[in-house]
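Trainee: Pasting data04.cif here (mmCIF, C-alpha atoms (C1' of nucleotides)):
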data_coords
#
loop_
_atom_site.group_PDB
_atom_site.id
_atom_site.type_symbol
_atom_site.label_atom_id
_atom_site.label_comp_id
_atom_site.auth_asym_id
_atom_site.auth_seq_id
_atom_site.Cartn_x
_atom_site.Cartn_y
_atom_site.Cartn_z
ATOM 1 C CA MET R 1 0.000 0.000 0.000
ATOM 2 C CA LYS R 2 1.156 3.518 -0.717
ATOM 3 C CA ASP R 3 2.224 5.521 2.273
ATOM 4 C CA ALA R 4 -0.229 7.740 4.047
ATOM 5 C CA ILE R 5 1.388 10.980 2.911
ATOM 6 C CA SER R 6 1.102 10.202 -0.799
ATOM 7 C CA ILE R 7 -2.459 9.056 -0.356
ATOM 8 C CA LEU R 8 -3.434 12.290 1.330
ATOM 9 C CA ARG R 9 -1.581 14.494 -1.170
ATOM 10 C CA GLN R 10 -3.208 12.660 -4.025
ATOM 11 C CA CYS R 11 -6.582 13.735 -2.661
ATOM 12 C CA ASP R 12 -5.619 17.325 -1.959
ATOM 13 C CA ILE R 13 -5.652 16.841 1.764
ATOM 14 C CA GLN R 14 -2.761 18.392 3.657
ATOM 15 C CA PRO R 15 -0.865 15.587 5.359
ATOM 16 C CA THR R 16 -0.644 16.580 8.980
ATOM 17 C CA PRO R 17 0.677 14.214 11.647
ATOM 18 C CA GLN R 18 -2.831 13.761 13.002
ATOM 19 C CA ARG R 19 -4.303 12.851 9.640
ATOM 20 C CA ILE R 20 -1.407 10.530 8.912
ATOM 21 C CA ALA R 21 -2.032 8.667 12.135
ATOM 22 C CA VAL R 22 -5.695 8.257 11.259
ATOM 23 C CA VAL R 23 -5.018 7.161 7.689
ATOM 24 C CA GLU R 24 -2.323 4.702 8.668
ATOM 25 C CA TYR R 25 -4.656 2.898 10.961
ATOM 26 C CA VAL R 26 -7.917 3.022 9.135
ATOM 27 C CA LEU R 27 -6.745 2.256 5.621
ATOM 28 C CA LYS R 28 -4.800 -0.841 6.564
ATOM 29 C CA CYS R 29 -7.347 -2.087 9.062
ATOM 30 C CA LYS R 30 -8.751 -5.465 8.124
ATOM 31 C CA THR R 31 -11.672 -5.195 10.520
ATOM 32 C CA HIS R 32 -14.483 -2.658 10.477
ATOM 33 C CA PRO R 33 -13.594 -0.068 13.100
ATOM 34 C CA SER R 34 -15.861 2.521 14.625
ATOM 35 C CA ALA R 35 -14.736 6.129 14.917
ATOM 36 C CA ASP R 36 -13.825 5.462 18.514
ATOM 37 C CA ASP R 37 -11.683 2.471 17.558
ATOM 38 C CA VAL R 38 -9.828 4.701 15.137
ATOM 39 C CA PHE R 39 -9.436 7.365 17.799
ATOM 40 C CA THR R 40 -7.963 4.887 20.270
ATOM 41 C CA HIS R 41 -5.457 3.495 17.783
ATOM 42 C CA ALA R 42 -4.507 6.840 16.275
ATOM 43 C CA ARG R 43 -3.647 8.069 19.756
ATOM 44 C CA LYS R 44 -0.926 5.459 20.013
ATOM 45 C CA ASN R 45 1.026 7.084 17.195
ATOM 46 C CA CYS R 46 -0.080 10.640 17.837
ATOM 47 C CA PRO R 47 -1.008 11.023 21.492
ATOM 48 C CA THR R 48 -2.410 14.515 21.145
ATOM 49 C CA VAL R 49 -4.908 13.897 18.387
ATOM 50 C CA SER R 50 -8.386 14.946 19.372
ATOM 51 C CA ARG R 51 -11.696 13.260 18.868
ATOM 52 C CA ALA R 52 -12.901 16.061 16.594
ATOM 53 C CA THR R 53 -9.924 15.683 14.277
ATOM 54 C CA VAL R 54 -10.498 11.961 13.983
ATOM 55 C CA TYR R 55 -14.112 12.552 13.017
ATOM 56 C CA ASN R 56 -13.148 15.314 10.599
ATOM 57 C CA THR R 57 -10.515 13.178 8.946
ATOM 58 C CA LEU R 58 -12.746 10.144 8.643
ATOM 59 C CA ASN R 59 -15.464 12.246 7.047
ATOM 60 C CA LEU R 60 -12.923 13.730 4.653
ATOM 61 C CA LEU R 61 -11.711 10.288 3.628
ATOM 62 C CA VAL R 62 -15.255 9.131 3.029
ATOM 63 C CA GLU R 63 -15.990 12.234 0.919
ATOM 64 C CA LYS R 64 -12.913 11.583 -1.175
ATOM 65 C CA GLY R 65 -13.893 7.986 -1.714
ATOM 66 C CA LEU R 66 -10.922 6.498 0.104
ATOM 67 C CA LEU R 67 -13.035 4.953 2.811
ATOM 68 C CA GLY R 68 -16.409 3.309 3.023
ATOM 69 C CA MET R 69 -18.967 4.012 5.706
ATOM 70 C CA GLN R 70 -21.641 1.558 6.756
ATOM 71 C CA THR R 71 -24.588 1.842 9.100
ATOM 72 C CA ILE R 72 -25.160 -1.824 9.646
ATOM 73 C CA ARG R 73 -24.388 -2.099 13.324
ATOM 74 C CA GLU R 74 -26.289 -0.622 16.223
ATOM 75 C CA GLY R 75 -24.911 2.367 18.028
ATOM 76 C CA ALA R 76 -22.124 3.518 15.764
ATOM 77 C CA VAL R 77 -21.219 3.881 12.148
ATOM 78 C CA ILE R 78 -18.370 1.659 11.008
ATOM 79 C CA PHE R 79 -15.695 2.315 8.429
ATOM 80 C CA ASP R 80 -14.400 0.047 5.740
ATOM 81 C CA ALA R 81 -11.053 0.295 3.985
ATOM 82 C CA ASN R 82 -12.446 -1.892 1.247
ATOM 83 C CA VAL R 83 -14.113 0.539 -1.141
ATOM 84 C CA GLU R 84 -14.900 -2.049 -3.783
ATOM 85 C CA LYS R 85 -18.545 -3.013 -3.917
ATOM 86 C CA HIS R 86 -19.212 -5.920 -1.619
ATOM 87 C CA HIS R 87 -21.815 -7.458 0.645
ATOM 88 C CA HIS R 88 -21.629 -7.913 4.405
ATOM 89 C CA PHE R 89 -22.023 -10.798 6.768
ATOM 90 C CA ILE R 90 -22.437 -10.090 10.470
ATOM 91 C CA ASP R 91 -21.624 -12.759 13.029
ATOM 92 C CA ASP R 92 -24.314 -12.321 15.660
ATOM 93 C CA ASP R 93 -22.270 -14.192 18.272
ATOM 94 C CA THR R 94 -19.100 -12.134 18.044
ATOM 95 C CA GLY R 95 -20.263 -8.967 16.330
ATOM 96 C CA ASP R 96 -17.565 -9.434 13.700
ATOM 97 C CA ILE R 97 -18.329 -8.179 10.226
ATOM 98 C CA TYR R 98 -17.069 -9.971 7.122
ATOM 99 C CA ASP R 99 -16.858 -8.651 3.595
ATOM 100 C CA ILE R 100 -18.455 -10.887 0.996
ATOM 101 C CA PRO R 101 -17.065 -10.429 -2.514
ATOM 102 C CA TRP R 102 -19.474 -8.777 -4.882
ATOM 103 C CA ASP R 103 -19.574 -11.576 -7.415
ATOM 104 C CA GLN R 104 -20.422 -14.285 -4.908
ATOM 105 C CA LEU R 105 -24.043 -13.193 -4.804
ATOM 106 C CA GLU R 106 -26.464 -12.157 -7.463
ATOM 107 C CA VAL R 107 -29.603 -10.153 -6.763
ATOM 108 C CA LYS R 108 -32.297 -10.699 -9.359
ATOM 109 C CA GLY R 109 -35.517 -8.821 -9.835
ATOM 110 C CA LYS R 110 -34.408 -5.225 -9.302
ATOM 111 C CA GLY R 111 -35.872 -4.331 -12.690
ATOM 112 C CA LYS R 112 -39.318 -5.084 -11.328
ATOM 113 C CA LEU R 113 -39.114 -2.175 -8.899
ATOM 114 C CA LYS R 114 -40.577 0.363 -11.274
ATOM 115 C CA ASP R 115 -41.050 3.070 -8.658
ATOM 116 C CA PHE R 116 -37.466 3.168 -7.513
ATOM 117 C CA GLU R 117 -34.238 4.371 -9.015
ATOM 118 C CA ILE R 118 -31.489 2.329 -7.364
ATOM 119 C CA PHE R 119 -28.122 4.027 -6.885
ATOM 120 C CA GLU R 120 -26.548 1.205 -4.941
ATOM 121 C CA PHE R 121 -27.467 -1.876 -2.995
ATOM 122 C CA GLN R 122 -25.970 -4.662 -0.972
ATOM 123 C CA VAL R 123 -26.984 -7.850 0.759
ATOM 124 C CA ILE R 124 -26.685 -7.884 4.544
ATOM 125 C CA MET R 125 -26.570 -11.290 6.153
ATOM 126 C CA HIS R 126 -26.726 -12.267 9.804
ATOM 127 C CA GLY R 127 -25.641 -15.585 11.194
ATOM 128 C CA ARG R 128 -22.666 -17.411 12.539
ATOM 129 C CA ARG R 129 -19.291 -18.033 11.016
ATOM 130 C CA LYS R 130 -18.542 -21.720 10.900
ATOM 131 C CA LYS R 131 -15.543 -22.938 12.839
ATOM 132 C CA LYS R 132 -12.832 -24.328 10.663
ATOM 133 C CA MET P 1 -56.118 -4.971 13.239
ATOM 134 C CA LYS P 2 -56.811 -6.363 16.660
ATOM 135 C CA ASP P 3 -56.904 -3.865 19.456
ATOM 136 C CA ALA P 4 -53.835 -3.127 21.482
ATOM 137 C CA ILE P 5 -55.132 -4.772 24.643
ATOM 138 C CA SER P 6 -55.707 -8.155 23.025
ATOM 139 C CA ILE P 7 -52.343 -8.016 21.347
ATOM 140 C CA LEU P 8 -50.573 -7.377 24.601
ATOM 141 C CA ARG P 9 -52.535 -10.022 26.507
ATOM 142 C CA GLN P 10 -51.807 -12.527 23.799
ATOM 143 C CA CYS P 11 -48.106 -12.053 24.449
ATOM 144 C CA ASP P 12 -48.337 -12.156 28.228
ATOM 145 C CA ILE P 13 -47.623 -8.481 28.575
ATOM 146 C CA GLN P 14 -49.837 -6.625 31.033
ATOM 147 C CA PRO P 15 -51.754 -3.974 29.149
ATOM 148 C CA THR P 16 -51.061 -0.717 30.942
ATOM 149 C CA PRO P 17 -52.143 2.644 29.548
ATOM 150 C CA GLN P 18 -48.530 3.476 28.705
ATOM 151 C CA ARG P 19 -47.949 0.255 26.824
ATOM 152 C CA ILE P 20 -51.264 0.598 25.022
ATOM 153 C CA ALA P 21 -50.304 4.065 23.829
ATOM 154 C CA VAL P 22 -47.014 2.739 22.485
ATOM 155 C CA VAL P 23 -48.558 -0.291 20.803
ATOM 156 C CA GLU P 24 -51.369 1.706 19.237
ATOM 157 C CA TYR P 25 -48.948 3.988 17.522
ATOM 158 C CA VAL P 26 -46.143 1.693 16.571
ATOM 159 C CA LEU P 27 -48.123 -1.283 15.319
ATOM 160 C CA LYS P 28 -50.292 0.708 12.983
ATOM 161 C CA CYS P 29 -47.544 3.011 11.808
ATOM 162 C CA LYS P 30 -46.917 2.752 8.087
ATOM 163 C CA THR P 31 -43.579 4.515 8.277
ATOM 164 C CA HIS P 32 -40.476 3.384 10.114
ATOM 165 C CA PRO P 33 -40.380 5.367 13.336
ATOM 166 C CA SER P 34 -37.463 5.804 15.685
ATOM 167 C CA ALA P 35 -37.911 5.333 19.408
ATOM 168 C CA ASP P 36 -38.166 9.073 19.749
ATOM 169 C CA ASP P 37 -40.920 9.259 17.141
ATOM 170 C CA VAL P 38 -42.842 6.682 19.120
ATOM 171 C CA PHE P 39 -42.240 8.617 22.311
ATOM 172 C CA THR P 40 -43.587 11.818 20.796
ATOM 173 C CA HIS P 41 -46.734 10.195 19.436
ATOM 174 C CA ALA P 42 -47.421 8.043 22.477
ATOM 175 C CA ARG P 43 -47.336 11.203 24.590
ATOM 176 C CA LYS P 44 -50.327 12.540 22.706
ATOM 177 C CA ASN P 45 -52.526 9.745 24.033
ATOM 178 C CA CYS P 46 -50.761 9.302 27.326
ATOM 179 C CA PRO P 47 -49.032 12.536 28.334
ATOM 180 C CA THR P 48 -47.190 11.092 31.296
ATOM 181 C CA VAL P 49 -45.452 8.222 29.575
ATOM 182 C CA SER P 50 -41.725 8.345 30.067
ATOM 183 C CA ARG P 51 -38.893 7.771 27.666
ATOM 184 C CA ALA P 52 -37.735 4.724 29.606
ATOM 185 C CA THR P 53 -41.130 3.074 29.380
ATOM 186 C CA VAL P 54 -41.234 3.628 25.646
ATOM 187 C CA TYR P 55 -37.838 1.985 25.250
ATOM 188 C CA ASN P 56 -38.815 -0.860 27.553
ATOM 189 C CA THR P 57 -42.046 -1.479 25.698
ATOM 190 C CA LEU P 58 -40.426 -1.346 22.281
ATOM 191 C CA ASN P 59 -37.785 -3.827 23.385
ATOM 192 C CA LEU P 60 -40.486 -6.090 24.788
ATOM 193 C CA LEU P 61 -42.411 -6.011 21.529
ATOM 194 C CA VAL P 62 -39.291 -6.847 19.566
ATOM 195 C CA GLU P 63 -38.513 -9.760 21.909
ATOM 196 C CA LYS P 64 -42.005 -11.108 21.459
ATOM 197 C CA GLY P 65 -41.754 -10.852 17.707
ATOM 198 C CA LEU P 66 -44.495 -8.282 17.300
ATOM 199 C CA LEU P 67 -42.158 -5.648 15.974
ATOM 200 C CA GLY P 68 -39.116 -5.558 13.752
ATOM 201 C CA MET P 69 -35.998 -3.585 14.500
ATOM 202 C CA GLN P 70 -33.606 -2.360 11.835
ATOM 203 C CA THR P 71 -30.241 -0.657 12.019
ATOM 204 C CA ILE P 72 -30.184 0.716 8.519
ATOM 205 C CA ARG P 73 -30.249 4.408 9.245
ATOM 206 C CA GLU P 74 -27.582 6.499 10.900
ATOM 207 C CA GLY P 75 -28.101 7.711 14.422
ATOM 208 C CA ALA P 76 -31.037 5.662 15.613
ATOM 209 C CA VAL P 77 -32.560 2.263 15.344
ATOM 210 C CA ILE P 78 -35.904 2.186 13.551
ATOM 211 C CA PHE P 79 -38.887 -0.051 14.158
ATOM 212 C CA ASP P 80 -41.050 -1.826 11.661
ATOM 213 C CA ALA P 81 -44.599 -3.035 12.207
ATOM 214 C CA ASN P 82 -44.159 -5.309 9.225
ATOM 215 C CA VAL P 83 -42.657 -8.466 10.676
ATOM 216 C CA GLU P 84 -42.855 -10.452 7.459
ATOM 217 C CA LYS P 85 -39.521 -10.923 5.746
ATOM 218 C CA HIS P 86 -38.878 -8.095 3.361
ATOM 219 C CA HIS P 87 -36.163 -5.951 1.869
ATOM 220 C CA HIS P 88 -35.635 -2.225 2.297
ATOM 221 C CA PHE P 89 -35.247 0.716 -0.005
ATOM 222 C CA ILE P 90 -33.986 4.006 1.408
ATOM 223 C CA ASP P 91 -34.670 7.261 -0.396
ATOM 224 C CA ASP P 92 -31.484 9.242 0.062
ATOM 225 C CA ASP P 93 -33.231 12.526 -0.728
ATOM 226 C CA THR P 94 -36.011 12.278 1.818
ATOM 227 C CA GLY P 95 -34.734 9.658 4.230
ATOM 228 C CA ASP P 96 -37.931 7.679 3.756
ATOM 229 C CA ILE P 97 -37.699 3.926 4.010
ATOM 230 C CA TYR P 98 -39.839 1.622 1.876
ATOM 231 C CA ASP P 99 -40.539 -2.049 2.394
ATOM 232 C CA ILE P 100 -39.873 -4.205 -0.636
ATOM 233 C CA PRO P 101 -41.871 -7.453 -0.692
ATOM 234 C CA TRP P 102 -39.750 -10.510 -0.143
ATOM 235 C CA ASP P 103 -40.623 -12.231 -3.413
ATOM 236 C CA GLN P 104 -39.719 -9.265 -5.582
ATOM 237 C CA LEU P 105 -36.036 -10.026 -5.274
ATOM 238 C CA GLU P 106 -34.069 -13.219 -5.363
ATOM 239 C CA VAL P 107 -30.582 -13.550 -3.941
ATOM 240 C CA LYS P 108 -28.603 -16.327 -5.589
ATOM 241 C CA GLY P 109 -25.265 -17.767 -4.556
ATOM 242 C CA LYS P 110 -25.662 -18.004 -0.792
ATOM 243 C CA GLY P 111 -24.831 -21.692 -0.987
ATOM 244 C CA LYS P 112 -21.339 -20.785 -2.116
ATOM 245 C CA LEU P 113 -20.571 -19.158 1.240
ATOM 246 C CA LYS P 114 -19.223 -22.311 2.849
ATOM 247 C CA ASP P 115 -17.803 -20.570 5.905
ATOM 248 C CA PHE P 116 -21.034 -18.939 6.978
ATOM 249 C CA GLU P 117 -24.261 -20.163 8.452
ATOM 250 C CA ILE P 118 -26.901 -17.634 7.430
ATOM 251 C CA PHE P 119 -29.790 -17.064 9.840
ATOM 252 C CA GLU P 120 -31.346 -14.242 7.911
ATOM 253 C CA PHE P 121 -30.563 -11.744 5.213
ATOM 254 C CA GLN P 122 -32.026 -8.861 3.314
ATOM 255 C CA VAL P 123 -31.202 -6.553 0.455
ATOM 256 C CA ILE P 124 -30.720 -2.892 1.322
ATOM 257 C CA MET P 125 -31.049 -0.455 -1.530
ATOM 258 C CA HIS P 126 -30.323 3.249 -1.672
ATOM 259 C CA GLY P 127 -31.624 5.586 -4.307
ATOM 260 C CA ARG P 128 -34.510 7.812 -5.160
ATOM 261 C CA ARG P 129 -38.180 7.067 -5.392
ATOM 262 C CA LYS P 130 -39.503 8.017 -8.795
ATOM 263 C CA LYS P 131 -42.195 10.663 -8.900
ATOM 264 C CA LYS P 132 -45.474 9.391 -10.187
ATOM 265 C "C1'" DC B 1 -54.571 -2.395 57.091
ATOM 266 C "C1'" DT B 2 -50.330 -4.045 55.535
ATOM 267 C "C1'" DT B 3 -47.465 -6.515 52.529
ATOM 268 C "C1'" DT B 4 -46.118 -7.587 48.089
ATOM 269 C "C1'" DC B 5 -45.380 -7.165 43.423
ATOM 270 C "C1'" DA B 6 -45.300 -5.315 38.938
ATOM 271 C "C1'" DC B 7 -45.005 -1.164 36.836
ATOM 272 C "C1'" DC B 8 -43.761 3.647 36.009
ATOM 273 C "C1'" DT B 9 -41.093 7.974 36.413
ATOM 274 C "C1'" DT B 10 -37.281 10.680 37.137
ATOM 275 C "C1'" DG B 11 -32.824 11.674 36.665
ATOM 276 C "C1'" DA B 12 -28.123 10.143 36.229
ATOM 277 C "C1'" DC B 13 -25.090 8.242 33.166
ATOM 278 C "C1'" DA B 14 -22.351 6.583 29.008
ATOM 279 C "C1'" DT B 15 -21.720 6.950 24.154
ATOM 280 C "C1'" DT B 16 -21.839 8.922 19.561
ATOM 281 C "C1'" DG B 17 -21.274 12.743 16.901
ATOM 282 C "C1'" DT B 18 -21.227 17.859 15.721
ATOM 283 C "C1'" DC B 19 -19.996 22.517 16.514
ATOM 284 C "C1'" DT B 20 -17.443 26.700 18.081
ATOM 285 C "C1'" DA B 21 -13.835 29.680 19.733
ATOM 286 C "C1'" DA B 22 -9.364 30.091 20.334
ATOM 287 C "C1'" DA B 23 -4.708 28.477 19.920
ATOM 288 C "C1'" DA B 24 -1.309 26.420 16.990
ATOM 289 C "C1'" DT B 25 0.562 25.474 12.665
ATOM 290 C "C1'" DA B 26 1.667 25.978 7.925
ATOM 291 C "C1'" DC B 27 1.813 28.367 3.622
ATOM 292 C "C1'" DT B 28 2.847 32.978 0.848
ATOM 293 C "C1'" DA B 29 4.904 37.009 -0.524
ATOM 294 C "C1'" DA B 30 7.910 40.822 0.072
ATOM 295 C "C1'" DT U 1 13.499 36.606 7.617
ATOM 296 C "C1'" DT U 2 9.227 38.481 8.642
ATOM 297 C "C1'" DA U 3 4.645 39.633 8.471
ATOM 298 C "C1'" DG U 4 0.231 38.290 7.168
ATOM 299 C "C1'" DT U 5 -3.181 34.966 5.785
ATOM 300 C "C1'" DA U 6 -5.308 30.561 5.613
ATOM 301 C "C1'" DT U 7 -5.737 26.082 7.377
ATOM 302 C "C1'" DT U 8 -5.762 22.807 11.260
ATOM 303 C "C1'" DT U 9 -6.182 21.351 15.748
ATOM 304 C "C1'" DT U 10 -7.833 21.308 20.312
ATOM 305 C "C1'" DA U 11 -10.842 21.401 24.266
ATOM 306 C "C1'" DG U 12 -15.028 21.689 25.693
ATOM 307 C "C1'" DA U 13 -19.913 22.551 25.060
ATOM 308 C "C1'" DC U 14 -23.756 20.579 23.229
ATOM 309 C "C1'" DA U 15 -27.604 17.491 21.503
ATOM 310 C "C1'" DA U 16 -29.399 12.908 20.737
ATOM 311 C "C1'" DT U 17 -29.746 7.985 21.621
ATOM 312 C "C1'" DG U 18 -30.150 4.540 24.865
ATOM 313 C "C1'" DT U 19 -29.523 2.144 29.503
ATOM 314 C "C1'" DC U 20 -29.783 1.882 34.331
ATOM 315 C "C1'" DA U 21 -30.877 2.472 39.356
ATOM 316 C "C1'" DA U 22 -33.747 4.433 43.018
ATOM 317 C "C1'" DG U 23 -37.786 5.541 44.535
ATOM 318 C "C1'" DG U 24 -42.957 6.167 43.956
ATOM 319 C "C1'" DT U 25 -47.633 4.537 42.705
ATOM 320 C "C1'" DG U 26 -51.325 1.426 42.749
ATOM 321 C "C1'" DA U 27 -53.704 -2.905 42.860
ATOM 322 C "C1'" DA U 28 -54.357 -7.503 44.778
ATOM 323 C "C1'" DA U 29 -53.995 -10.769 48.540
ATOM 324 C "C1'" DG U 30 -53.802 -12.081 53.146
#
What is this file in structure tokens?

Mentor:
Amino acid sequence: MKDAISILRQCDIQPTPQRIAVVEYVLKCKTHPSADDVFTHARKNCPTVSRATVYNTLNLLVEKGLLGMQTIREGAVIFDANVEKHHHFIDDDTGDIYDIPWDQLEVKGKGKLKDFEIFEFQVIMHGRRKKK
Amino acid sequence: MKDAISILRQCDIQPTPQRIAVVEYVLKCKTHPSADDVFTHARKNCPTVSRATVYNTLNLLVEKGLLGMQTIREGAVIFDANVEKHHHFIDDDTGDIYDIPWDQLEVKGKGKLKDFEIFEFQVIMHGRRKKK
DNA sequence: CTTTCACCTTGACATTGTCTAAAATACTAA
DNA sequence: TTAGTATTTTAGACAATGTCAAGGTGAAAG
């Protein structure tokens, strides 16, 4: 992955130490962190970063298309470094969220919804991940 | 629709005036109200009902299967008097949420997800409702 | 009448998220 | 370099969502 500074520059965002700390965590995070998760981890590399800056930076990244935002869990929005289209599976036991590749599922019948213009869609599944 | 008192009795919930006010609004509501919406409307019929009682009653109804709960909108959980399986369409302009009948869409490929045991799923769509 | 029990209310509390004012920092131009 | 301007950051206030505990109310049973 490109380094945080190039990524920010490429999107016309000034790379400050605070933003770098946020980007370095959130864009290489394999899980689906909440804003507070990002705040906690960003503090490790940049102990002075404030909550407001974390929120500002996350919103900036989402605006620029570098980060996905999902409202599939109760209580807090979660962020997703994977900005490719994909579906989501939520393990109800652990709360873990898994990305499901876009081409694994096919949704048929959207053409029948004459009253609706669909910009985007996804399948949300709940269940339990099988033990290996 | 059956009256609120019978519905509550049928589920072994004591029908108090507060609970009746909540049930009467939320179970005949065609939209997808938040807990606060329910609170506001229940107050009209029962001006002393408290926020805590509204939350308690809503959680009871969800437990008993009389009410659906969805976490598809930012900021607050929404409730759904329609407890049949269905999909959801969210109008990004207005924030309105529409139920999409279950048999209008078909999701194929779930069998390929060998690592996951799916309890339930739905399609969430975002877009704009076409003007008539 | 008193006890008991379920219920309700109030208010405290934690969490998420936004906003503002002021301080700190970083660019720009002479 | 220095002054001036623009951008960022911070701390704290604030509002909204939701849960919880403590105490109050009221009805039924003995």

Trainee: Any chance you could work out the residue set of the PyMOL selection byres ((chain B and resi 14-20) around 8) here, as a PyMOL selection string?

Mentor: (chain R and resi 75-76) or (chain B and resi 13+21) or (chain U and resi 14)

Trainee: If we count all atoms listed in the file, what is near stretch 25-32 of chain R at a cut-off of 6 Å, once residues fewer than 6 positions away on the same chain are taken out, given as a ChimeraX atom specification?

Mentor: /R:78-81

Trainee: Atoms to include: C-alpha atoms. Write the selected residues as a short mmCIF file (atom, residue, chain, number, x, y, z; two decimals), in the coordinates of the input.

Mentor:
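Writing the result to part_5.cif gives the following:
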data_model
loop_
_atom_site.label_atom_id
_atom_site.label_comp_id
_atom_site.auth_asym_id
_atom_site.auth_seq_id
_atom_site.Cartn_x
_atom_site.Cartn_y
_atom_site.Cartn_z
CA ILE R 78 -18.37 1.66 11.01
CA PHE R 79 -15.70 2.32 8.43
CA ASP R 80 -14.40 0.05 5.74
CA ALA R 81 -11.05 0.30 3.98
#

Trainee: Pull out every residue that the PyMOL selection byres ((chain U) within 9 of (chain P)) matches in the shown coordinates and put them as a PDB file with C-alpha atoms (C1' of nucleotides), keeping the file's coordinate frame.

Mentor:
ATOM      1  C1'  DA U  16     -29.399  12.908  20.737  1.00  0.00           C
ATOM      2  C1'  DT U  17     -29.746   7.985  21.621  1.00  0.00           C
ATOM      3  C1'  DG U  18     -30.150   4.540  24.865  1.00  0.00           C
ATOM      4  C1'  DT U  19     -29.523   2.144  29.503  1.00  0.00           C
TER       5       DT U  19
END

Trainee: Select, as an NGL selection string, those residues of chain P with any atom no more than 12 Å from chain R (distances computed using only C-alpha atoms).

Mentor: :P and (69-78 or 87-93 or 97-132)

Trainee: Quick one: distance from atom CA of P:Ala4 to atom CA of P:Leu66 in Å, one decimal?

Mentor: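 Taking atom CA of P:Ala4 as the start and atom CA of P:Leu66 as the end point, the length is 11.5 Å.
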
Trainee: Once you count all atoms listed in the file, which residues of chain B turn out to be within 10 Å of chain P? Could you give them as JSON, numbers by chain?

Mentor: {"B": [6, 7, 8, 9, 10, 16, 17]}

Trainee: Give me the residues within 10 Å of B:DT25 as a PDB file with C-alpha atoms (C1' of nucleotides), in the coordinates of the input, counting all atoms listed in the file and dropping any in the same chain fewer than 4 places off.

Mentor:
ATOM      1  CA  THR R  16      -0.644  16.580   8.980  1.00  0.00           C
TER       2      THR R  16
ATOM      3  C1'  DT U   7      -5.737  26.082   7.377  1.00  0.00           C
ATOM      4  C1'  DT U   8      -5.762  22.807  11.260  1.00  0.00           C
ATOM      5  C1'  DT U   9      -6.182  21.351  15.748  1.00  0.00           C
TER       6       DT U   9
END

Trainee: So how many Å separate atom CA of R:Val83 and atom CA of R:Asn45, to one decimal?

Mentor: 24.7 Å

Trainee: Can you tell me how far atom CA of P:Glu24 sits from atom C1' of U:DC20, in Å to one decimal?

Mentor: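 Interatomic distance, atom CA of P:Glu24 to atom C1' of U:DC20: 26.3 Å.
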
Trainee: Can you work out which one of P:Arg19, P:His86, P:Lys2, P:Arg9 has the shortest atom-to-atom distance to P:Cys46, counting all atoms listed in the file?

Mentor: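 For P:Cys46, the nearest of the candidates is P:Arg19.
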
Trainee: As AutoDock Vina command-line options, what would the box around stretch 16-24 of chain U look like: edges along x, y and z, 8 Å added on every side, centre and edge lengths in Å to one decimal?

Mentor:
--center_x -36.2 --center_y 7.4 --center_z 32.6 --size_x 29.6 --size_y 27.0 --size_z 39.8

Trainee: Give as a list in words the residues that the PyMOL selection byres ((chain B and resi 4) around 9) matches when applied to the coordinates above.

Mentor: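 Output of the PyMOL selection byres ((chain B and resi 4) around 9): DT3 and DC5 of chain B; DA28 and DA29 of chain U.
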
Trainee: How would stretch 98-105 of chain R look with N, CA, C and O atoms restored, written as a short mmCIF file (atom, residue, chain, number, x, y, z; two decimals), keeping the file's coordinate frame?

Mentor:
data_model
loop_
_atom_site.label_atom_id
_atom_site.label_comp_id
_atom_site.auth_asym_id
_atom_site.auth_seq_id
_atom_site.Cartn_x
_atom_site.Cartn_y
_atom_site.Cartn_z
N TYR R 98 -17.90 -9.43 8.20
CA TYR R 98 -17.07 -9.97 7.12
C TYR R 98 -17.52 -9.40 5.79
O TYR R 98 -18.72 -9.27 5.54
N ASP R 99 -16.55 -9.08 4.96
CA ASP R 99 -16.86 -8.65 3.60
C ASP R 99 -17.11 -9.88 2.74
O ASP R 99 -16.35 -10.85 2.78
N ILE R 100 -18.15 -9.81 1.94
CA ILE R 100 -18.45 -10.89 1.00
C ILE R 100 -18.25 -10.34 -0.41
O ILE R 100 -18.88 -9.34 -0.78
N PRO R 101 -17.37 -10.96 -1.17
CA PRO R 101 -17.07 -10.43 -2.51
C PRO R 101 -18.32 -10.25 -3.35
O PRO R 101 -19.26 -11.05 -3.26
N TRP R 102 -18.30 -9.19 -4.12
CA TRP R 102 -19.47 -8.78 -4.88
C TRP R 102 -20.01 -9.89 -5.77
O TRP R 102 -21.23 -10.10 -5.86
N ASP R 103 -19.11 -10.62 -6.42
CA ASP R 103 -19.57 -11.58 -7.42
C ASP R 103 -20.00 -12.92 -6.82
O ASP R 103 -20.39 -13.83 -7.53
N GLN R 104 -19.95 -13.04 -5.52
CA GLN R 104 -20.42 -14.28 -4.91
C GLN R 104 -21.95 -14.36 -4.87
O GLN R 104 -22.51 -15.44 -4.77
N LEU R 105 -22.58 -13.21 -4.87
CA LEU R 105 -24.04 -13.19 -4.80
C LEU R 105 -24.60 -12.46 -6.01
O LEU R 105 -23.96 -11.55 -6.54
#
